[in-house]
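Have a look at the structure below, then the notes.
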Amino acid sequence: MGKIKKKYTEGASRTYITRNRAIKRLQVSLADFRRLSILKGIYPVEPRSRKKANRGSAKATTFYYSKDIQALLSEPLIAKFREHKVFLRKLQHALGKDDLTRAKTLDANRPQYSLDHLVIERYPTFVDALRDLDDALCMITLFSTMPVVRRVNKDA
């Protein structure tokens, strides 16, 4: 006789992960998770069977692909977000104690992070960047040609 298969080890429950589980796995706050997912271009998805993906519950939740969250685990921005939180805690502590010299030195040594690797990841070539810029310019042109009115007529 073979091994008994454990529940939720394959299928939709492994393919998708809820937002709360993703936040716990990444060990970040909701605000940091939102910021990170926007920067990395990871968006919520709708599974075919919400009940199967949510391990039997039909409750409305936000789902992400598990592989996307797994890729976020190795993102260096998470460490930078944590460094920034530590910096803010130290700064608040110094200001609470009225230690202005320490607060000034902390503020002078504020942690910096760059998003260069995200830009290179999203736009590997200059042509890709121009293509995306073209979409934004078309949208701006569209809005600039529209008339400025309070109400838009539905028949027009």
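The chains in the structure tokens are called A, B, ... from first to last as shown; in each chain the residues are counted from 1, and the ligands are counted from 1 in the order shown.
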Return as a Markdown table the residues of segment 45-91 of chain A lying at most 8 Å from segment 20-31 of chain A, together with the closest atom-to-atom pair for each and the distance in Å to one decimal, counting only C-alpha atoms, with rows in chain order and ascending residue number.
| residue | atom | partner | partner_atom | distance |
| --- | --- | --- | --- | --- |
| A:Ile69 | CA | A:Ala22 | CA | 6.5 |
| A:Leu72 | CA | A:Leu26 | CA | 7.7 |
| A:Leu73 | CA | A:Leu26 | CA | 6.2 |
| A:Ile78 | CA | A:Val28 | CA | 7.7 |
DSSP on the backbone, then: every residue of chain A marked strand (DSSP E), written as a compact mmCIF listing (two decimals) with N, CA, C and O atoms, in the first residue's frame.
# COMPACT_ATOMS: atom_id res chain seq x y z
N TYR A 16 -1.98 28.85 -6.19
CA TYR A 16 -2.34 30.18 -5.72
C TYR A 16 -2.06 30.32 -4.23
O TYR A 16 -2.04 29.33 -3.50
N ILE A 17 -1.85 31.56 -3.80
CA ILE A 17 -1.61 31.83 -2.39
C ILE A 17 -2.39 33.10 -2.03
O ILE A 17 -2.47 34.03 -2.83
N THR A 18 -2.98 33.10 -0.86
CA THR A 18 -3.75 34.27 -0.46
C THR A 18 -2.81 35.40 -0.08
O THR A 18 -1.63 35.18 0.21
N PHE A 63 -5.92 36.56 -4.31
CA PHE A 63 -4.96 35.49 -4.60
C PHE A 63 -3.84 36.01 -5.48
O PHE A 63 -4.04 36.88 -6.32
N TYR A 64 -2.66 35.43 -5.28
CA TYR A 64 -1.49 35.68 -6.12
C TYR A 64 -0.93 34.32 -6.53
O TYR A 64 -1.19 33.31 -5.88
N TYR A 65 -0.16 34.30 -7.59
CA TYR A 65 0.52 33.07 -7.98
C TYR A 65 1.63 32.77 -6.97
O TYR A 65 2.39 33.66 -6.58
Do you know which residues are at most 12 Å from Val119 of chain A counting only C-alpha atoms, after dropping those on the same chain fewer than 5 positions away, and could you put them as a PDB file with N, CA and C atoms, in the first residue's frame?
ATOM      1  N   LEU A  39       5.972  47.651  -7.508  1.00  0.00           N
ATOM      2  CA  LEU A  39       7.286  47.854  -8.122  1.00  0.00           C
ATOM      3  C   LEU A  39       7.706  46.666  -8.985  1.00  0.00           C
ATOM      4  N   LYS A  40       7.393  45.475  -8.535  1.00  0.00           N
ATOM      5  CA  LYS A  40       7.792  44.280  -9.275  1.00  0.00           C
ATOM      6  C   LYS A  40       6.794  43.896 -10.366  1.00  0.00           C
ATOM      7  N   GLY A  41       5.612  44.511 -10.355  1.00  0.00           N
ATOM      8  CA  GLY A  41       4.615  44.199 -11.376  1.00  0.00           C
ATOM      9  C   GLY A  41       3.904  42.894 -11.126  1.00  0.00           C
ATOM     10  N   SER A 114      18.117  52.001  -4.430  1.00  0.00           N
ATOM     11  CA  SER A 114      17.856  52.376  -5.815  1.00  0.00           C
ATOM     12  C   SER A 114      16.977  51.315  -6.463  1.00  0.00           C
ATOM     13  N   PRO A 124      14.596  45.510 -20.508  1.00  0.00           N
ATOM     14  CA  PRO A 124      15.957  45.042 -20.787  1.00  0.00           C
ATOM     15  C   PRO A 124      16.634  45.803 -21.921  1.00  0.00           C
ATOM     16  N   THR A 125      15.859  46.300 -22.879  1.00  0.00           N
ATOM     17  CA  THR A 125      16.453  47.062 -23.973  1.00  0.00           C
ATOM     18  C   THR A 125      15.822  48.445 -24.033  1.00  0.00           C
ATOM     19  N   PHE A 126      16.499  49.342 -24.706  1.00  0.00           N
ATOM     20  CA  PHE A 126      16.018  50.713 -24.846  1.00  0.00           C
ATOM     21  C   PHE A 126      14.718  50.751 -25.650  1.00  0.00           C
ATOM     22  N   ASP A 128      12.327  48.547 -25.600  1.00  0.00           N
ATOM     23  CA  ASP A 128      11.226  48.208 -24.698  1.00  0.00           C
ATOM     24  C   ASP A 128      10.785  49.418 -23.886  1.00  0.00           C
ATOM     25  N   ALA A 129      11.729  50.196 -23.422  1.00  0.00           N
ATOM     26  CA  ALA A 129      11.411  51.401 -22.655  1.00  0.00           C
ATOM     27  C   ALA A 129      10.682  52.417 -23.526  1.00  0.00           C
ATOM     28  N   ASP A 132       7.030  51.365 -24.088  1.00  0.00           N
ATOM     29  CA  ASP A 132       6.177  51.648 -22.944  1.00  0.00           C
ATOM     30  C   ASP A 132       5.942  53.151 -22.798  1.00  0.00           C
TER      31      ASP A 132
END
Nearby residues (only C-alpha atoms) at most 12 Å from segment 100-106 of chain A, same-chain spacing under 4 positions excluded, as a PyMOL selection string: chain A and resi 84+86-96+110-111
Test item: residues at most 12 Å from Lys52 of chain A, only C-alpha atoms, excluding those fewer than 6 positions along its chain, as a list in words: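 Contacts, with the query itself left out: Lys7, Tyr8, Thr9, Glu10, Gly11, Ala12, Ser13, Arg14, Thr15, Tyr16, Ile17, Glu46, Ala58, Lys59 and Phe63 of chain A.
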